[in-house]
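Participant: Below: one structure in structure tokens.
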Amino acid sequence: MFYETIRLALQAIIRNLLRSFLTVLGIVIGVAAVIALVTVGQGSTDQVEADVTALGTNLLMIKPGQASQGPGSTTGSAASLTVKDVDAIETQIARVRVATPTSARSMTAIYGNENHATSVTGTDNRYLVARDWEIAFGRSFYDSELRAGAAACIIGDTIRAELFGNGDPLGAAIRLKQISCRVIGVLEARGASSFGTDQDDLILLPIRTFQHRIAGNQDVDLIYAAVNENASTEKAKADIERLLRERRRISAGEEDDFNVFDMKQISSMLTGITTVLTSLLSAVAAVSLFVGGIGIMNIMLVSVTERTREIGIRLAVGATEGQVLLQFLVESIVLSLIGGLIGIILGLVLALIGVRILAVPFAPDPTIIGVAFLFSAVVGVVFGYFPARRAARLDPIEALRHQ
């Protein structure tokens, strides 16, 4: 009998194929929207985590100035950091594996008839260790070049492509305003980050070269401190803060005129933001599932009205109220499940298109897909029950009189 009920329900759906499709459209849109948004949101979260990890594992950033709103930002005037601060952090704090100074300026790099606006960073070889960055070909700075402030540079892959094309950049001289620096190495390509910046668009110079010939001072804009793998970044951060307070002669009760940022905390904050936004958008999309359920109830009520005489005949020849109830309830559930299946397929296709446009990983969540499909079935039961009950409670005599 259950098989016969399902057969009758499928026949009724096929008889009104266009109306059935329009009925499930709300479910399709709701399920597809939820799956697409959650998948793209999860991909964006994974990309943010990967970008922060690419900056270096267990990494701390030290900047002068007081903390401002936004990750890694500072404000206010304060004494600059120095190379001696870098050396003190590396030598006096056991939890720090390596510390490196960085100072950067936006400049135009020129080679022959080509020019490109880029970021020029003064640093040393410890920068490559702290940032977990390899040299694709060429070499790093010699100690003699770092001590003397030589005009040698390591370029990112974007600079290589923009200025040299397919040519070999090693040994070539790039002009940076009044400086002519010789290319000694090319960094491995990392590509664009989800923050919208090209990680390969940079030129590295020895910190002394940068300070003497570009900045004109001994300041260090930022210090990267890579913490030992098994060490606590929180404890390392506290150690650095104590050391810098001593070196900068900040007395008890006074606020720090520097800030130490933990990349793990920044990563957690950014991923939290993307997760909340994804949840909000998914909640809005889920409203269409509710609307789709109302659409199913509406169409099933119309179907009951149209098939009143058919229902009367079935009741008159011995069908029970439970069998009629089950028939219409099965129709509603089948419509919802069909909408759920189509919605899953459409949602994954839309998500695949979205992640390719945004250049983030494709990270479908089987749990969300299962929940969306289950929810579509629940919608069929909940919104199909009232029309089914109405059909089952029809008076056979009155139903037979219906034209």
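We label chains A, B, ... in the order they appear in the structure tokens, count residues from 1 in each chain, and number ligands from 1 in the order shown.
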Sorted by chain and rising residue number, list the residues of range 208-251 of chain A at most 6 Å from range 90-97 of chain A (counting only C-alpha atoms), each with its closest atom pair and distance in Å to one decimal, as JSON lines.

Facilitator:
```
{"residue": "A:Ala226", "atom": "CA", "partner": "A:Arg97", "partner_atom": "CA", "distance": 5.6}
{"residue": "A:Val227", "atom": "CA", "partner": "A:Val96", "partner_atom": "CA", "distance": 4.3}
{"residue": "A:Asn228", "atom": "CA", "partner": "A:Arg97", "partner_atom": "CA", "distance": 5.1}
{"residue": "A:Ala231", "atom": "CA", "partner": "A:Arg95", "partner_atom": "CA", "distance": 6.0}
{"residue": "A:Ala236", "atom": "CA", "partner": "A:Arg95", "partner_atom": "CA", "distance": 5.8}
```

Participant: Store the residues of this selection in a file with C-alpha atoms, as a CSV table (one decimal), in the first residue's frame.

Facilitator:
```csv
chain,number,residue,atom,x,y,z
A,226,ALA,CA,59.8,34.3,14.6
A,227,VAL,CA,59.1,32.3,17.8
A,228,ASN,CA,60.5,28.8,18.2
A,231,ALA,CA,57.3,27.9,22.3
A,236,ALA,CA,57.3,35.4,23.8
```

Participant: Quick one: everything within 10 Å of Leu22 in chain A, counting only C-alpha atoms, minus sequence neighbours fewer than 4 positions away in the same chain. Send it as a PyMOL selection string.

Facilitator: chain A and resi 17-18+26-28+292+295-296+299+339

Participant: Deliver the residues from the most recent selection as a file, using N, CA and C atoms, as a compact mmCIF listing (two decimals), in the first residue's frame.

Facilitator:
```txt
# COMPACT_ATOMS: atom_id res chain seq x y z
N LEU A 17 3.79 18.95 -14.36
CA LEU A 17 5.24 19.07 -14.27
C LEU A 17 5.69 20.52 -14.08
N LEU A 18 5.13 21.45 -14.90
CA LEU A 18 5.53 22.86 -14.81
C LEU A 18 5.18 23.44 -13.46
N GLY A 26 11.38 27.70 -4.93
CA GLY A 26 11.80 28.36 -3.69
C GLY A 26 12.77 27.51 -2.89
N ILE A 27 12.51 26.19 -2.83
CA ILE A 27 13.43 25.28 -2.15
C ILE A 27 14.78 25.24 -2.86
N VAL A 28 14.73 25.17 -4.19
CA VAL A 28 15.97 25.14 -4.98
C VAL A 28 16.83 26.36 -4.70
N GLY A 292 9.86 29.10 0.30
CA GLY A 292 9.59 27.95 -0.55
C GLY A 292 8.60 27.00 0.08
N GLY A 295 5.23 28.31 -0.39
CA GLY A 295 4.82 28.05 -1.77
C GLY A 295 4.32 26.63 -1.95
N ILE A 296 4.99 25.66 -1.34
CA ILE A 296 4.54 24.28 -1.42
C ILE A 296 3.16 24.12 -0.78
N ILE A 299 0.47 25.59 -3.12
CA ILE A 299 0.17 24.76 -4.28
C ILE A 299 -0.55 23.49 -3.88
N GLY A 339 13.54 19.42 -4.91
CA GLY A 339 14.08 20.78 -4.83
C GLY A 339 15.41 20.81 -4.09
```

Participant: DSSP on the backbone, strand (DSSP E) only: what residues of range 6-131 of chain A does that give? Format it as a PyMOL selection string.

Facilitator: chain A and resi 59-64+66-67+74-75+96-111+114-123

Participant: Take the residues from that selection and put them in a file with N, CA and C atoms, as an mmCIF file, in the first residue's frame.

Facilitator:
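So the final result, stored in out27.cif, reads:
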```cif
data_model
loop_
_atom_site.group_PDB
_atom_site.id
_atom_site.type_symbol
_atom_site.label_atom_id
_atom_site.label_comp_id
_atom_site.auth_asym_id
_atom_site.auth_seq_id
_atom_site.Cartn_x
_atom_site.Cartn_y
_atom_site.Cartn_z
ATOM 1 N N LEU A 59 54.684 33.894 14.266
ATOM 2 C CA LEU A 59 55.319 35.175 13.966
ATOM 3 C C LEU A 59 54.726 36.297 14.807
ATOM 4 N N LEU A 60 55.613 37.141 15.331
ATOM 5 C CA LEU A 60 55.208 38.352 16.043
ATOM 6 C C LEU A 60 55.695 39.563 15.249
ATOM 7 N N MET A 61 54.897 40.634 15.263
ATOM 8 C CA MET A 61 55.274 41.889 14.605
ATOM 9 C C MET A 61 55.351 42.987 15.656
ATOM 10 N N ILE A 62 56.454 43.720 15.665
ATOM 11 C CA ILE A 62 56.644 44.805 16.625
ATOM 12 C C ILE A 62 56.707 46.123 15.856
ATOM 13 N N LYS A 63 55.825 47.054 16.246
ATOM 14 C CA LYS A 63 55.770 48.360 15.585
ATOM 15 C C LYS A 63 55.792 49.457 16.642
ATOM 16 N N PRO A 64 56.414 50.591 16.337
ATOM 17 C CA PRO A 64 56.359 51.723 17.271
ATOM 18 C C PRO A 64 54.986 52.390 17.217
ATOM 19 N N GLN A 66 51.186 53.597 19.506
ATOM 20 C CA GLN A 66 50.140 52.951 20.276
ATOM 21 C C GLN A 66 49.156 52.269 19.333
ATOM 22 N N ALA A 67 48.464 51.254 19.858
ATOM 23 C CA ALA A 67 47.541 50.466 19.033
ATOM 24 C C ALA A 67 46.391 51.320 18.545
ATOM 25 N N THR A 74 48.943 50.957 14.074
ATOM 26 C CA THR A 74 49.309 51.774 15.228
ATOM 27 C C THR A 74 49.090 53.234 14.894
ATOM 28 N N THR A 75 49.081 54.056 15.932
ATOM 29 C CA THR A 75 48.905 55.486 15.738
ATOM 30 C C THR A 75 49.709 56.231 16.795
ATOM 31 N N VAL A 96 62.581 33.361 21.056
ATOM 32 C CA VAL A 96 62.622 33.908 19.699
ATOM 33 C C VAL A 96 63.718 33.197 18.900
ATOM 34 N N ARG A 97 63.316 32.606 17.793
ATOM 35 C CA ARG A 97 64.265 31.901 16.924
ATOM 36 C C ARG A 97 65.076 32.876 16.102
ATOM 37 N N VAL A 98 64.419 33.882 15.545
ATOM 38 C CA VAL A 98 65.109 34.873 14.727
ATOM 39 C C VAL A 98 64.280 36.155 14.725
ATOM 40 N N ALA A 99 64.947 37.304 14.664
ATOM 41 C CA ALA A 99 64.280 38.601 14.552
ATOM 42 C C ALA A 99 64.943 39.369 13.413
ATOM 43 N N THR A 100 64.146 40.118 12.689
ATOM 44 C CA THR A 100 64.684 40.836 11.534
ATOM 45 C C THR A 100 64.064 42.224 11.419
ATOM 46 N N PRO A 101 64.868 43.230 11.031
ATOM 47 C CA PRO A 101 64.324 44.588 10.853
ATOM 48 C C PRO A 101 63.767 44.756 9.443
ATOM 49 N N THR A 102 62.751 45.575 9.312
ATOM 50 C CA THR A 102 62.239 45.939 7.986
ATOM 51 C C THR A 102 61.814 47.403 7.983
ATOM 52 N N SER A 103 62.143 48.067 6.893
ATOM 53 C CA SER A 103 61.649 49.418 6.622
ATOM 54 C C SER A 103 61.290 49.453 5.145
ATOM 55 N N ALA A 104 60.202 50.082 4.802
ATOM 56 C CA ALA A 104 59.728 50.022 3.415
ATOM 57 C C ALA A 104 59.311 51.390 2.905
ATOM 58 N N ARG A 105 59.461 51.570 1.587
ATOM 59 C CA ARG A 105 58.998 52.767 0.885
ATOM 60 C C ARG A 105 58.440 52.352 -0.478
ATOM 61 N N SER A 106 57.489 53.117 -0.953
ATOM 62 C CA SER A 106 56.990 52.914 -2.313
ATOM 63 C C SER A 106 57.893 53.667 -3.278
ATOM 64 N N MET A 107 58.405 52.979 -4.284
ATOM 65 C CA MET A 107 59.323 53.582 -5.239
ATOM 66 C C MET A 107 59.052 53.012 -6.629
ATOM 67 N N THR A 108 59.666 53.642 -7.637
ATOM 68 C CA THR A 108 59.568 53.156 -9.009
ATOM 69 C C THR A 108 60.885 52.498 -9.400
ATOM 70 N N ALA A 109 60.791 51.232 -9.807
ATOM 71 C CA ALA A 109 61.971 50.497 -10.262
ATOM 72 C C ALA A 109 62.080 50.635 -11.779
ATOM 73 N N ILE A 110 63.270 50.925 -12.262
ATOM 74 C CA ILE A 110 63.489 51.170 -13.703
ATOM 75 C C ILE A 110 64.583 50.240 -14.208
ATOM 76 N N TYR A 111 64.299 49.603 -15.333
ATOM 77 C CA TYR A 111 65.320 48.807 -16.009
ATOM 78 C C TYR A 111 65.143 48.995 -17.509
ATOM 79 N N GLU A 114 61.712 49.849 -19.255
ATOM 80 C CA GLU A 114 60.610 49.388 -18.416
ATOM 81 C C GLU A 114 60.681 50.038 -17.043
ATOM 82 N N ASN A 115 59.509 50.323 -16.473
ATOM 83 C CA ASN A 115 59.456 50.822 -15.095
ATOM 84 C C ASN A 115 58.227 50.256 -14.408
ATOM 85 N N HIS A 116 58.303 50.157 -13.105
ATOM 86 C CA HIS A 116 57.213 49.548 -12.340
ATOM 87 C C HIS A 116 57.207 50.113 -10.925
ATOM 88 N N ALA A 117 56.046 50.586 -10.473
ATOM 89 C CA ALA A 117 55.897 51.083 -9.103
ATOM 90 C C ALA A 117 55.791 49.902 -8.152
ATOM 91 N N THR A 118 56.618 49.898 -7.125
ATOM 92 C CA THR A 118 56.675 48.746 -6.236
ATOM 93 C C THR A 118 57.009 49.170 -4.812
ATOM 94 N N SER A 119 57.170 48.195 -3.939
ATOM 95 C CA SER A 119 57.571 48.435 -2.557
ATOM 96 C C SER A 119 59.011 47.982 -2.372
ATOM 97 N N VAL A 120 59.853 48.890 -1.869
ATOM 98 C CA VAL A 120 61.260 48.577 -1.618
ATOM 99 C C VAL A 120 61.434 48.416 -0.111
ATOM 100 N N THR A 121 61.951 47.262 0.306
ATOM 101 C CA THR A 121 62.078 46.938 1.729
ATOM 102 C C THR A 121 63.537 46.752 2.104
ATOM 103 N N GLY A 122 63.957 47.470 3.134
ATOM 104 C CA GLY A 122 65.287 47.288 3.677
ATOM 105 C C GLY A 122 65.258 46.246 4.781
ATOM 106 N N THR A 123 66.102 45.234 4.708
ATOM 107 C CA THR A 123 66.090 44.157 5.691
ATOM 108 C C THR A 123 67.418 43.401 5.620
#
```

Participant: Could you pull the residues within 8 Å of Phe362 in chain A, counting only C-alpha atoms, minus those fewer than 4 positions along the same chain, as a PyMOL selection string?

Facilitator: chain A and resi 39-40+43+351-352+355

Participant: Check the smallest atom-to-atom distance from each of A:Ile154, A:Val220, A:Leu163, A:Val186 to Ser80 in chain A using only C-alpha atoms, then report the winner.

Facilitator: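 Closest to Ser80 in chain A, using only C-alpha atoms: A:Val220.
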
Participant: Can you pull out every residue from range 170-375 of chain A that DSSP, working from the backbone, puts in helix (DSSP H, G or I), and format the result as a ChimeraX atom specification?

Facilitator: /A:207-215,233-247,263-306,308-316,321-358,366-375

Participant: Which distance in Å separates CA of Lys177 in chain A and CA of Phe210 in chain A, to one decimal?

Facilitator: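 Separation of CA of Lys177 in chain A and CA of Phe210 in chain A: 12.1 Å.
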
Participant: Please, what distance in Å, to one decimal, runs between CA of Ile273 in chain A and CA of Asp365 in chain A?

Facilitator: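 According to the coordinates, CA of Ile273 in chain A and CA of Asp365 in chain A are separated by 18.7 Å.
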
Participant: What's the 6 Å shell around range 150-152 of chain A, counting only C-alpha atoms, without same-chain residues fewer than 4 positions away, as a PyMOL selection string?

Facilitator: chain A and resi 145+181-182

Participant: Keeping C-alpha atoms, export the residues of the selection given above as a PDB file, in the first residue's frame.

Facilitator:
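See again_10.pdb below for the written result:
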```pdb
ATOM      1  CA  GLU A 145      77.161  43.372   1.540  1.00  0.00           C
ATOM      2  CA  CYS A 181      71.323  48.125  -7.429  1.00  0.00           C
ATOM      3  CA  ARG A 182      72.512  44.804  -8.838  1.00  0.00           C
TER       4      ARG A 182
END
```

Participant: In terms of the shortest atom-to-atom distance over only C-alpha atoms, which of A:Thr233, A:Thr320, A:Asn125, A:Ser279 is closest to Phe261 in chain A?

Facilitator: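 Closest to Phe261 in chain A of all the choices is A:Thr233.
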
Participant: From the options A:Ala215, A:Leu37, A:Ile13, A:Leu202, which residue's atoms come nearest to Ile353 in chain A, counting only C-alpha atoms?

Facilitator: A:Leu37

Participant: Calculated over only C-alpha atoms, which of the candidates A:Val317, A:Ala88, A:Arg160, A:His212 has the smallest distance to Arg242 in chain A?

Facilitator: A:Ala88

Participant: Considering only C-alpha atoms, state which residue in the set A:Ala359, A:Leu243, A:Leu350, A:Leu301 is at the smallest distance from Val86 in chain A.

Facilitator: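 Using only C-alpha atoms, the shortest distance to Val86 in chain A belongs to A:Leu243.
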